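Next comes query.pdb, with PDB, C-alpha atoms and all ligand atoms.
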MODEL        1
ATOM      1  CA  MET A  78       0.000   0.000   0.000
ATOM      2  CA  THR A  79       1.206   3.486  -0.873
ATOM      3  CA  LYS A  80      -0.365   5.229   2.131
ATOM      4  CA  ILE A  81       1.716   8.243   3.136
ATOM      5  CA  GLU A  82       1.227  10.548   6.104
ATOM      6  CA  ILE A  83       0.313  14.059   4.987
ATOM      7  CA  PRO A  84       1.198  16.681   7.639
ATOM      8  CA  LEU A  85      -1.907  18.446   9.042
ATOM      9  CA  ASN A  86      -0.430  21.847   8.214
ATOM     10  CA  HIS A  87       0.483  21.003   4.619
ATOM     11  CA  PRO A  88      -0.992  23.787   2.448
ATOM     12  CA  ARG A  89      -2.267  21.273  -0.113
ATOM     13  CA  ARG A  90      -3.416  18.607   2.348
ATOM     14  CA  ILE A  91      -6.959  18.114   0.974
ATOM     15  CA  SER A  92      -5.723  17.745  -2.580
ATOM     16  CA  LEU A  93      -2.978  15.288  -1.538
ATOM     17  CA  GLU A  94      -5.365  13.213   0.605
ATOM     18  CA  THR A  95      -7.809  13.014  -2.283
ATOM     19  CA  ARG A  96      -4.986  11.883  -4.548
ATOM     20  CA  GLU A  97      -4.081   9.161  -2.019
ATOM     21  CA  ARG A  98      -7.682   7.962  -2.038
ATOM     22  CA  VAL A  99      -7.606   7.574  -5.822
ATOM     23  CA  ILE A 100      -4.260   5.738  -5.654
ATOM     24  CA  GLU A 101      -5.676   3.365  -3.029
ATOM     25  CA  GLY A 102      -8.733   2.888  -5.260
ATOM     26  CA  HIS A 103      -6.400   1.935  -8.081
ATOM     27  CA  GLU A 104      -4.549  -0.570  -5.874
ATOM     28  CA  SER A 105      -7.822  -2.205  -4.855
ATOM     29  CA  ASN A 106      -9.064  -2.474  -8.493
ATOM     30  CA  ILE A 107     -11.731   0.212  -8.126
ATOM     31  CA  VAL A 108     -10.010   2.875 -10.249
ATOM     32  CA  ALA A 109      -8.789   2.156 -13.803
ATOM     33  CA  THR A 110      -5.193   3.126 -14.628
ATOM     34  CA  ALA A 111      -6.642   5.757 -16.975
ATOM     35  CA  GLY A 112      -8.657   6.966 -13.976
ATOM     36  CA  LEU A 113      -5.403   8.244 -12.432
ATOM     37  CA  LEU A 114      -4.853  10.393 -15.521
ATOM     38  CA  ALA A 115      -8.466  11.574 -15.506
ATOM     39  CA  HIS A 116      -8.025  12.608 -11.870
ATOM     40  CA  GLY A 117      -4.914  14.629 -12.752
ATOM     41  CA  ARG A 118      -6.859  16.459 -15.435
ATOM     42  CA  GLY A 119      -9.584  17.176 -12.884
ATOM     43  CA  GLU A 120      -6.984  18.525 -10.414
ATOM     44  CA  ALA A 121      -5.653  20.911 -13.063
ATOM     45  CA  PHE A 122      -9.111  22.290 -13.842
ATOM     46  CA  ASP A 123      -9.884  22.574 -10.137
ATOM     47  CA  TYR A 124      -6.797  24.777  -9.800
ATOM     48  CA  LEU A 125      -8.104  26.937 -12.626
ATOM     49  CA  ILE A 126     -11.524  27.491 -11.041
ATOM     50  CA  GLY A 127      -9.954  28.308  -7.671
ATOM     51  CA  GLU A 128     -10.587  24.991  -5.823
ATOM     52  CA  LYS A 129     -13.943  26.100  -4.429
ATOM     53  CA  THR A 130     -17.599  25.644  -5.260
ATOM     54  CA  THR A 131     -18.733  28.691  -7.200
ATOM     55  CA  GLU A 132     -22.204  30.253  -6.992
ATOM     56  CA  LEU A 133     -22.730  29.007 -10.532
ATOM     57  CA  ALA A 134     -22.045  25.429  -9.463
ATOM     58  CA  GLU A 135     -24.467  25.822  -6.544
ATOM     59  CA  HIS A 136     -27.105  26.998  -9.008
ATOM     60  CA  ALA A 137     -26.464  23.962 -11.232
ATOM     61  CA  ILE A 138     -26.627  21.666  -8.197
ATOM     62  CA  ARG A 139     -30.076  23.029  -7.336
ATOM     63  CA  ALA A 140     -31.342  22.464 -10.898
ATOM     64  CA  ALA A 141     -29.815  18.975 -10.979
ATOM     65  CA  VAL A 142     -31.330  17.897  -7.674
ATOM     66  CA  ALA A 143     -34.721  19.278  -8.764
ATOM     67  CA  ALA A 144     -34.500  17.188 -11.962
ATOM     68  CA  MET A 145     -33.615  14.046 -10.020
ATOM     69  CA  LEU A 146     -36.357  14.505  -7.427
ATOM     70  CA  SER A 147     -39.031  15.181 -10.054
ATOM     71  CA  ALA A 148     -37.988  12.357 -12.414
ATOM     72  CA  ASP A 149     -40.117   9.238 -12.912
ATOM     73  CA  HIS A 150     -37.079   6.992 -13.061
ATOM     74  CA  PRO A 151     -33.791   8.666 -12.081
ATOM     75  CA  VAL A 152     -30.573   6.609 -12.170
ATOM     76  CA  ILE A 153     -27.006   7.307 -11.004
ATOM     77  CA  SER A 154     -24.176   5.878 -13.098
ATOM     78  CA  VAL A 155     -21.070   4.936 -11.111
ATOM     79  CA  ASN A 156     -17.537   4.441 -12.445
ATOM     80  CA  GLY A 157     -14.245   3.736 -10.672
ATOM     81  CA  ASN A 158     -13.295   7.344  -9.900
ATOM     82  CA  VAL A 159     -16.752   8.161  -8.532
ATOM     83  CA  CYS A 160     -16.714   5.093  -6.298
ATOM     84  CA  SER A 161     -13.268   5.858  -4.901
ATOM     85  CA  LEU A 162     -13.928   9.569  -4.268
ATOM     86  CA  VAL A 163     -17.492   9.732  -2.890
ATOM     87  CA  PRO A 164     -18.833   6.255  -2.026
ATOM     88  CA  GLU A 165     -20.885   7.305   1.032
ATOM     89  CA  ASP A 166     -22.433  10.385  -0.568
ATOM     90  CA  ILE A 167     -23.364   8.636  -3.806
ATOM     91  CA  VAL A 168     -25.218   5.970  -1.784
ATOM     92  CA  LYS A 169     -26.946   8.668   0.305
ATOM     93  CA  LEU A 170     -28.027  10.605  -2.802
ATOM     94  CA  SER A 171     -29.325   7.412  -4.384
ATOM     95  CA  LYS A 172     -31.506   6.715  -1.345
ATOM     96  CA  ILE A 173     -32.888  10.259  -0.978
ATOM     97  CA  CYS A 174     -33.749  10.564  -4.693
ATOM     98  CA  ASN A 175     -34.872   6.928  -5.119
ATOM     99  CA  ALA A 176     -32.308   6.707  -7.897
ATOM    100  CA  PRO A 177     -30.737   3.234  -8.271
ATOM    101  CA  LEU A 178     -26.951   2.985  -8.655
ATOM    102  CA  GLU A 179     -25.697   1.378 -11.857
ATOM    103  CA  ILE A 180     -22.060   0.393 -12.396
ATOM    104  CA  ASN A 181     -20.988   1.364 -15.896
ATOM    105  CA  LEU A 182     -17.310   1.035 -16.748
ATOM    106  CA  PHE A 183     -15.341   2.239 -19.727
ATOM    107  CA  TYR A 184     -12.372  -0.018 -18.857
ATOM    108  CA  TYR A 185     -14.398  -3.066 -17.872
ATOM    109  CA  ARG A 186     -12.824  -5.886 -15.894
ATOM    110  CA  LYS A 187     -14.858  -8.220 -13.741
ATOM    111  CA  GLU A 188     -12.496  -7.675 -10.746
ATOM    112  CA  ARG A 189     -13.197  -3.943 -11.012
ATOM    113  CA  GLU A 190     -16.959  -4.476 -11.120
ATOM    114  CA  ASP A 191     -16.724  -6.753  -8.048
ATOM    115  CA  ALA A 192     -14.506  -4.310  -6.132
ATOM    116  CA  ILE A 193     -16.826  -1.369  -6.858
ATOM    117  CA  LYS A 194     -19.919  -3.354  -5.917
ATOM    118  CA  ARG A 195     -18.261  -4.442  -2.659
ATOM    119  CA  ALA A 196     -17.197  -0.886  -1.794
ATOM    120  CA  LEU A 197     -20.710   0.481  -2.375
ATOM    121  CA  MET A 198     -22.332  -2.323  -0.363
ATOM    122  CA  GLU A 199     -19.915  -1.679   2.515
ATOM    123  CA  VAL A 200     -21.207   1.878   2.830
ATOM    124  CA  GLY A 201     -24.877   0.937   2.768
ATOM    125  CA  ALA A 202     -25.996   0.297  -0.844
ATOM    126  CA  LYS A 203     -28.693  -2.373  -0.965
ATOM    127  CA  GLU A 204     -28.864  -3.084  -4.693
ATOM    128  CA  ILE A 205     -26.466  -2.389  -7.547
ATOM    129  CA  LEU A 206     -27.569  -2.502 -11.179
ATOM    130  CA  GLY A 207     -25.450  -3.063 -14.281
ATOM    131  CA  THR A 208     -23.469  -6.064 -12.983
ATOM    132  CA  HIS A 209     -22.556  -9.070 -15.169
ATOM    133  CA  ASP A 210     -25.183 -11.306 -13.531
ATOM    134  CA  ARG A 211     -28.044  -8.978 -14.505
ATOM    135  CA  PRO A 212     -29.910  -8.683 -17.796
ATOM    136  CA  SER A 213     -28.390  -6.195 -20.214
ATOM    137  CA  ALA A 214     -29.627  -3.930 -22.994
ATOM    138  CA  ILE A 215     -27.555  -2.120 -25.607
ATOM    139  CA  ILE A 216     -27.249   1.581 -26.468
ATOM    140  CA  PRO A 217     -27.014   1.177 -30.278
ATOM    141  CA  GLU A 218     -25.284   4.560 -30.775
ATOM    142  CA  LEU A 219     -22.214   3.417 -28.843
ATOM    143  CA  SER A 220     -19.388   1.009 -29.642
ATOM    144  CA  SER A 221     -17.377   1.021 -26.382
ATOM    145  CA  ASN A 222     -17.893  -1.232 -23.361
ATOM    146  CA  ARG A 223     -20.297   1.343 -22.037
ATOM    147  CA  ARG A 224     -22.907   0.409 -24.661
ATOM    148  CA  LYS A 225     -24.215  -2.255 -22.247
ATOM    149  CA  VAL A 226     -26.779  -0.895 -19.797
ATOM    150  CA  ASP A 227     -29.199  -2.386 -17.311
ATOM    151  CA  PRO A 228     -32.741  -2.474 -18.768
ATOM    152  CA  ASN A 229     -34.159  -1.661 -15.319
ATOM    153  CA  GLY A 230     -31.615   1.116 -14.760
ATOM    154  CA  ILE A 231     -30.186   3.408 -17.433
ATOM    155  CA  GLY A 232     -32.261   1.554 -20.068
ATOM    156  CA  ALA A 233     -35.510   2.702 -18.437
ATOM    157  CA  ALA A 234     -34.299   6.008 -16.950
ATOM    158  CA  ASP A 235     -35.645   9.419 -17.879
ATOM    159  CA  VAL A 236     -33.007  11.354 -15.886
ATOM    160  CA  ILE A 237     -29.421  10.087 -15.473
ATOM    161  CA  LEU A 238     -26.592  11.462 -13.358
ATOM    162  CA  VAL A 239     -23.314  10.515 -15.076
ATOM    163  CA  PRO A 240     -20.416  12.129 -13.204
ATOM    164  CA  LEU A 241     -16.901  12.198 -14.747
ATOM    165  CA  GLU A 242     -18.205  10.779 -17.996
ATOM    166  CA  ASP A 243     -16.615  10.357 -21.414
ATOM    167  CA  GLY A 244     -18.016  12.405 -24.300
ATOM    168  CA  ASP A 245     -19.176   9.592 -26.597
ATOM    169  CA  ARG A 246     -21.415   8.086 -23.977
ATOM    170  CA  THR A 247     -22.971  11.415 -23.051
ATOM    171  CA  GLU A 248     -23.785  12.057 -26.701
ATOM    172  CA  ALA A 249     -25.234   8.536 -27.030
ATOM    173  CA  LEU A 250     -27.421   8.996 -23.936
ATOM    174  CA  LYS A 251     -28.711  12.270 -25.356
ATOM    175  CA  ALA A 252     -29.323  10.600 -28.742
ATOM    176  CA  ILE A 253     -31.633   8.031 -27.107
ATOM    177  CA  GLY A 254     -33.632  10.782 -25.400
ATOM    178  CA  LYS A 255     -32.273  10.854 -21.839
ATOM    179  CA  PHE A 256     -32.003  13.984 -19.691
ATOM    180  CA  VAL A 257     -28.333  13.995 -18.718
ATOM    181  CA  ILE A 258     -26.760  15.598 -15.640
ATOM    182  CA  THR A 259     -23.005  15.551 -15.198
ATOM    183  CA  ILE A 260     -20.335  16.728 -12.792
ATOM    184  CA  ASP A 261     -17.207  17.779 -14.683
ATOM    185  CA  LEU A 262     -14.501  20.248 -13.730
ATOM    186  CA  ASN A 263     -13.771  20.916 -17.398
ATOM    187  CA  PRO A 264     -16.516  23.204 -18.757
ATOM    188  CA  MET A 265     -15.164  22.670 -22.297
ATOM    189  CA  SER A 266     -15.342  18.859 -22.349
ATOM    190  CA  ARG A 267     -17.787  17.210 -24.761
ATOM    191  CA  THR A 268     -19.635  15.768 -21.770
ATOM    192  CA  ALA A 269     -19.988  19.219 -20.219
ATOM    193  CA  ILE A 270     -21.235  20.684 -23.491
ATOM    194  CA  HIS A 271     -23.731  17.969 -24.421
ATOM    195  CA  SER A 272     -25.290  17.464 -20.987
ATOM    196  CA  ASP A 273     -28.516  19.165 -19.977
ATOM    197  CA  ILE A 274     -27.023  20.230 -16.651
ATOM    198  CA  THR A 275     -23.282  20.411 -15.956
ATOM    199  CA  ILE A 276     -22.087  20.956 -12.422
ATOM    200  CA  VAL A 277     -18.623  22.477 -12.905
ATOM    201  CA  ASP A 278     -17.167  21.504  -9.556
ATOM    202  CA  ASN A 279     -15.043  18.843  -7.902
ATOM    203  CA  ILE A 280     -17.206  15.807  -7.221
ATOM    204  CA  THR A 281     -15.747  15.701  -3.687
ATOM    205  CA  ARG A 282     -17.355  19.091  -2.937
ATOM    206  CA  ALA A 283     -20.442  18.780  -5.170
ATOM    207  CA  LEU A 284     -21.765  15.462  -3.869
ATOM    208  CA  PRO A 285     -22.106  16.445  -0.173
ATOM    209  CA  LEU A 286     -23.923  19.611  -1.319
ATOM    210  CA  MET A 287     -26.240  17.574  -3.551
ATOM    211  CA  VAL A 288     -27.118  15.337  -0.591
ATOM    212  CA  GLU A 289     -27.866  18.384   1.569
ATOM    213  CA  LYS A 290     -29.955  20.052  -1.156
ATOM    214  CA  ALA A 291     -31.850  16.830  -1.916
ATOM    215  CA  ARG A 292     -32.843  16.542   1.764
ATOM    216  CA  ASP A 293     -34.104  20.162   1.741
ATOM    217  CA  MET A 294     -35.861  20.062  -1.615
ATOM    218  CA  LYS A 295     -37.551  16.687  -1.186
ATOM    219  CA  LYS A 296     -40.534  18.459   0.383
ATOM    220  CA  LEU A 297     -41.154  20.624  -2.733
ATOM    221  CA  ALA A 298     -44.015  19.797  -5.114
ATOM    222  CA  LYS A 299     -43.073  18.245  -8.488
ATOM    223  CA  ASP A 300     -44.366  21.316 -10.360
ATOM    224  CA  GLU A 301     -42.116  23.549  -8.344
ATOM    225  CA  LEU A 302     -39.111  21.251  -8.901
ATOM    226  CA  ARG A 303     -39.744  21.159 -12.661
ATOM    227  CA  LYS A 304     -39.899  24.960 -12.750
ATOM    228  CA  ILE A 305     -36.434  25.127 -11.160
ATOM    229  CA  THR A 306     -34.980  22.691 -13.724
ATOM    230  CA  ARG A 307     -36.652  24.428 -16.696
ATOM    231  CA  GLY A 308     -35.214  27.766 -15.578
ATOM    232  CA  PHE A 309     -31.645  26.484 -15.903
ATOM    233  CA  ASP A 310     -29.597  27.372 -18.992
ATOM    234  CA  ASN A 311     -26.548  25.153 -19.461
ATOM    235  CA  SER A 312     -24.998  27.189 -22.298
ATOM    236  CA  GLU A 313     -24.980  30.245 -20.060
ATOM    237  CA  ASN A 314     -23.670  28.154 -17.151
ATOM    238  CA  LEU A 315     -20.732  26.842 -19.217
ATOM    239  CA  ALA A 316     -19.888  30.188 -20.782
ATOM    240  CA  MET A 317     -19.794  31.799 -17.332
ATOM    241  CA  SER A 318     -17.675  28.930 -15.971
ATOM    242  CA  VAL A 319     -15.074  29.600 -18.670
ATOM    243  CA  GLN A 320     -15.238  33.317 -17.759
ATOM    244  CA  ILE A 321     -14.503  32.400 -14.124
ATOM    245  CA  ILE A 322     -11.391  30.507 -15.250
ATOM    246  CA  MET A 323     -10.240  33.473 -17.372
ATOM    247  CA  LYS A 324     -10.806  35.923 -14.491
ATOM    248  CA  HIS A 325      -8.920  33.625 -12.122
ATOM    249  CA  LEU A 326      -6.003  33.362 -14.566
ATOM    250  CA  GLU A 327      -5.903  37.130 -14.991
ATOM    251  CA  GLU A 328      -5.853  37.665 -11.208
ATOM    252  CA  SER A 329      -3.074  35.082 -10.879
ATOM    253  CA  ALA A 330      -1.032  36.817 -13.572
ATOM    254  CA  ASN A 331      -1.403  40.136 -11.736
ATOM    255  CA  ASN A 332      -0.539  38.661  -8.323
ATOM    256  CA  ILE A 333       2.340  36.377  -9.185
ATOM    257  CA  GLY A 334       4.995  38.993  -8.249
ATOM    258  CA  LYS A 335       3.365  39.535  -4.826
ATOM    259  CA  LEU A 336       3.472  35.793  -4.116
ATOM    260  CA  ARG A 337       7.238  35.685  -4.718
ATOM    261  CA  THR A 338       8.138  37.570  -1.518
ATOM    262  CA  LYS A 339       9.426  34.610   0.551
ATOM    263  CA  PHE A 340      12.645  34.131  -1.407
ATOM    264  CA  LYS A 341      14.271  36.931  -3.357
ATOM    265  CA  ALA A 342      14.285  35.787  -6.995
ATOM    266  CA  GLY A 343      17.770  34.837  -8.143
ATOM    267  CA  ALA A 344      19.248  35.335  -4.630
ATOM    268  CA  ASN A 345      21.080  31.983  -4.613
ATOM    269  CA  TYR A 346      22.650  32.467  -8.015
ATOM    270  CA  LYS A 347      26.409  32.783  -7.790
TER     271      LYS A 347
HETATM  272  O1  LIG B 401     -13.948   3.620 -14.224
HETATM  273  P1  LIG B 401     -14.064   3.658 -15.722
HETATM  274  O2  LIG B 401     -13.448   2.443 -16.389
HETATM  275  O3  LIG B 401     -15.491   3.837 -16.196
HETATM  276  O4  LIG B 401     -13.235   4.953 -16.269
HETATM  277  C1  LIG B 401     -13.497   6.230 -15.719
HETATM  278  C2  LIG B 401     -12.703   7.365 -16.435
HETATM  279  C3  LIG B 401     -12.817   8.616 -15.590
HETATM  280  C4  LIG B 401     -11.236   6.937 -16.546
HETATM  281  C5  LIG B 401     -13.285   7.570 -17.843
HETATM  282  O5  LIG B 401     -14.655   7.906 -17.741
HETATM  283  C6  LIG B 401     -12.560   8.649 -18.626
HETATM  284  O6  LIG B 401     -11.593   8.401 -19.326
HETATM  285  O7  LIG B 401     -13.058   9.899 -18.459
HETATM  286  P2  LIG B 401     -12.455  11.202 -19.162
HETATM  287  O8  LIG B 401     -12.820  11.198 -20.616
HETATM  288  O9  LIG B 401     -11.022  11.387 -18.768
HETATM  289  O10 LIG B 401     -13.322  12.348 -18.482
HETATM  290  C7  LIG B 401     -13.313  12.582 -17.119
HETATM  291  C8  LIG B 401     -13.686  14.044 -16.876
HETATM  292  O11 LIG B 401     -13.857  14.200 -15.480
HETATM  293  C9  LIG B 401     -12.594  15.050 -17.313
HETATM  294  O12 LIG B 401     -13.198  16.133 -18.012
HETATM  295  C10 LIG B 401     -12.006  15.557 -15.985
HETATM  296  O13 LIG B 401     -11.620  16.912 -16.042
HETATM  297  C11 LIG B 401     -13.178  15.373 -15.034
HETATM  298  N1  LIG B 401     -12.783  15.121 -13.647
HETATM  299  C12 LIG B 401     -11.738  14.397 -13.182
HETATM  300  N2  LIG B 401     -11.710  14.373 -11.835
HETATM  301  C13 LIG B 401     -12.780  15.092 -11.430
HETATM  302  C14 LIG B 401     -13.481  15.573 -12.577
HETATM  303  N3  LIG B 401     -14.593  16.313 -12.492
HETATM  304  C15 LIG B 401     -15.073  16.567 -11.244
HETATM  305  N4  LIG B 401     -14.462  16.136 -10.099
HETATM  306  C16 LIG B 401     -13.327  15.402 -10.153
HETATM  307  N5  LIG B 401     -12.724  14.996  -9.008
ENDMDL
END

Starting from the coordinates I provided, produce the structure as structure tokens.
Amino acid sequence: MTKIEIPLNHPRRISLETRERVIEGHESNIVATAGLLAHGRGEAFDYLIGEKTTELAEHAIRAAVAAMLSADHPVISVNGNVCSLVPEDIVKLSKICNAPLEINLFYYRKEREDAIKRALMEVGAKEILGTHDRPSAIIPELSSNRRKVDPNGIGAADVILVPLEDGDRTEALKAIGKFVITIDLNPMSRTAIHSDITIVDNITRALPLMVEKARDMKKLAKDELRKITRGFDNSENLAMSVQIIMKHLEESANNIGKLRTKFKAGANYK
């Protein structure tokens, strides 16, 4: 096991602990090797948005939770990264929204499916869809491993939460008429662009907020929930997310000199 001790006062402790969790997930077969790379890409975009949940993301979370609570058949798709980063919260959200969990892997291996199922069961999941022992249907628009779906899960769903998803599958889900919600730190990814609602935030911050919001909003009438979802504009959301990145980069460019006060630049050069 790789486990390293991260000092409590380390300025990047949360980020390093999260990275450790993904590495452990990889060692226990939950996370695909490509999942390590995907996580690194996520880290880079998190840096660019300022490593905090923006008001925009909170707005998207509200619209997403409203869509899940007012759906006839909501489903949550789980991959290796999602399972390693937020197992407890994904199970909680599934229970509050009556949205079954379906394992759907790009890099399928039976050991990975088993490890993910075990990890979700350990934190309270009662039933997991999409496993090899269940019936399967096919998304015709897709050629990858992810074309297989559970007929009682994604196959029958009207609203699907697909966090950290690849672009082809998102497009295929849209092509077969699903309402797609994603969580993706990259507002320019194909998944972000083709989804109906994109939460541009780190899944580790977004999921606990979704659980909290779902608890609050569960008491709202379906009409009211639908109004919230209909009022959301994803193109505007994504354009403003890119603006946030640009503003953050501009501020960083202006402040970089001020940050270099600890050591005089070039002082050790002989
Ligand atoms: O477990 P599997 O086999 O299904 O594979 C899962 C991965 C993630 C490897 C697979 O879906 C994949 O290759 O995804 P992509 O195409 O790399 O897309 C992942 C997206 O998630 C990228 O746009 C990343 O920026 C984003 N991302 C990564 N980590 C986070 C994230 N978004 C939110 N929170 C994160 N922690």

For chain A against ligand LIG 401 (chain B), with a cut-off of 7 Å and counting all atoms listed in the file, what is the closest atom pair and its distance in Å to one decimal for every residue that makes the cut, ordered by chain and number, as a Markdown table?
| residue | atom | partner | partner_atom | distance |
| --- | --- | --- | --- | --- |
| A:Val108 | CA | B:LIG401 | O1 | 5.6 |
| A:Ala109 | CA | B:LIG401 | O2 | 5.3 |
| A:Ala111 | CA | B:LIG401 | C4 | 4.8 |
| A:Gly112 | CA | B:LIG401 | C4 | 3.6 |
| A:Ala115 | CA | B:LIG401 | O9 | 4.1 |
| A:His116 | CA | B:LIG401 | N2 | 4.1 |
| A:Gly117 | CA | B:LIG401 | C12 | 6.8 |
| A:Arg118 | CA | B:LIG401 | O13 | 4.8 |
| A:Gly119 | CA | B:LIG401 | C12 | 3.5 |
| A:Glu120 | CA | B:LIG401 | N2 | 6.4 |
| A:Phe122 | CA | B:LIG401 | O13 | 6.3 |
| A:Asn156 | CA | B:LIG401 | O1 | 4.1 |
| A:Gly157 | CA | B:LIG401 | O1 | 3.6 |
| A:Asn158 | CA | B:LIG401 | O1 | 5.7 |
| A:Asn181 | CA | B:LIG401 | O3 | 6.0 |
| A:Leu182 | CA | B:LIG401 | O3 | 3.4 |
| A:Phe183 | CA | B:LIG401 | O2 | 3.8 |
| A:Tyr184 | CA | B:LIG401 | O2 | 3.6 |
| A:Tyr185 | CA | B:LIG401 | O2 | 5.8 |
| A:Leu241 | CA | B:LIG401 | O11 | 3.7 |
| A:Glu242 | CA | B:LIG401 | O5 | 4.6 |
| A:Asp243 | CA | B:LIG401 | O8 | 4.0 |
| A:Gly244 | CA | B:LIG401 | O8 | 6.5 |
| A:Ile260 | CA | B:LIG401 | C15 | 5.5 |
| A:Asp261 | CA | B:LIG401 | N3 | 3.7 |
| A:Leu262 | CA | B:LIG401 | N3 | 4.1 |
| A:Asn263 | CA | B:LIG401 | O13 | 4.7 |
| A:Ser266 | CA | B:LIG401 | O12 | 5.6 |
| A:Asp278 | CA | B:LIG401 | C15 | 5.6 |
| A:Asn279 | CA | B:LIG401 | N4 | 3.5 |
| A:Ile280 | CA | B:LIG401 | N4 | 4.0 |
| A:Thr281 | CA | B:LIG401 | N5 | 6.2 |

Take the selection from the previous step and output its residues with C-alpha atoms, as a compact mmCIF listing (two decimals), in the frame of the given file.
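Once written, out.txt looks like this:
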# COMPACT_ATOMS: atom_id res chain seq x y z
CA VAL A 108 -10.01 2.88 -10.25
CA ALA A 109 -8.79 2.16 -13.80
CA ALA A 111 -6.64 5.76 -16.98
CA GLY A 112 -8.66 6.97 -13.98
CA ALA A 115 -8.47 11.57 -15.51
CA HIS A 116 -8.02 12.61 -11.87
CA GLY A 117 -4.91 14.63 -12.75
CA ARG A 118 -6.86 16.46 -15.44
CA GLY A 119 -9.58 17.18 -12.88
CA GLU A 120 -6.98 18.52 -10.41
CA PHE A 122 -9.11 22.29 -13.84
CA ASN A 156 -17.54 4.44 -12.44
CA GLY A 157 -14.24 3.74 -10.67
CA ASN A 158 -13.30 7.34 -9.90
CA ASN A 181 -20.99 1.36 -15.90
CA LEU A 182 -17.31 1.03 -16.75
CA PHE A 183 -15.34 2.24 -19.73
CA TYR A 184 -12.37 -0.02 -18.86
CA TYR A 185 -14.40 -3.07 -17.87
CA LEU A 241 -16.90 12.20 -14.75
CA GLU A 242 -18.20 10.78 -18.00
CA ASP A 243 -16.61 10.36 -21.41
CA GLY A 244 -18.02 12.40 -24.30
CA ILE A 260 -20.34 16.73 -12.79
CA ASP A 261 -17.21 17.78 -14.68
CA LEU A 262 -14.50 20.25 -13.73
CA ASN A 263 -13.77 20.92 -17.40
CA SER A 266 -15.34 18.86 -22.35
CA ASP A 278 -17.17 21.50 -9.56
CA ASN A 279 -15.04 18.84 -7.90
CA ILE A 280 -17.21 15.81 -7.22
CA THR A 281 -15.75 15.70 -3.69

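In this model, the gap between CA of Ile173 (chain A) and CA of Pro228 (chain A) comes to 21.9 Å.
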
note - CA of Gly207 (chain A) and CA of Asp245 (chain A) are separated by 18.7 Å

Let me have the centre and edge lengths in Å, one decimal, of the box along x, y and z around every listed atom of region 145-150 of chain A with 8 Å of margin on each side, as lines of an AutoDock Vina configuration file.
center_x = -36.9
center_y = 11.1
center_z = -10.2
size_x = 22.5
size_y = 24.2
size_z = 21.6

Run the PyMOL selection byres (((chain A and resi 309) around 9) and not hetatm) mentally over the shown coordinates, then write out the matched residues as an MDAnalysis selection string, using the chain letters and numbers from the document.
chainID A and resid 136:137 140 273:274 304:308 310:311 313:314

Val277 (chain A) proximity check over A:Glu328, A:Glu289, A:Glu135, A:Glu165, using all atoms listed in the file: winner is A:Glu135

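Within 8 Å of Met287 (chain A), once all atoms listed in the file are used and residues closer than 3 positions along the same chain are dropped, the contacting residues are A:Ile138, A:Arg139, A:Val142, A:Leu170, A:Ala283, A:Leu284, A:Lys290, A:Ala291.
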
Pairwise distance, CA of Lys324 (chain A) with CA of Thr338 (chain A), equals 23.0 Å
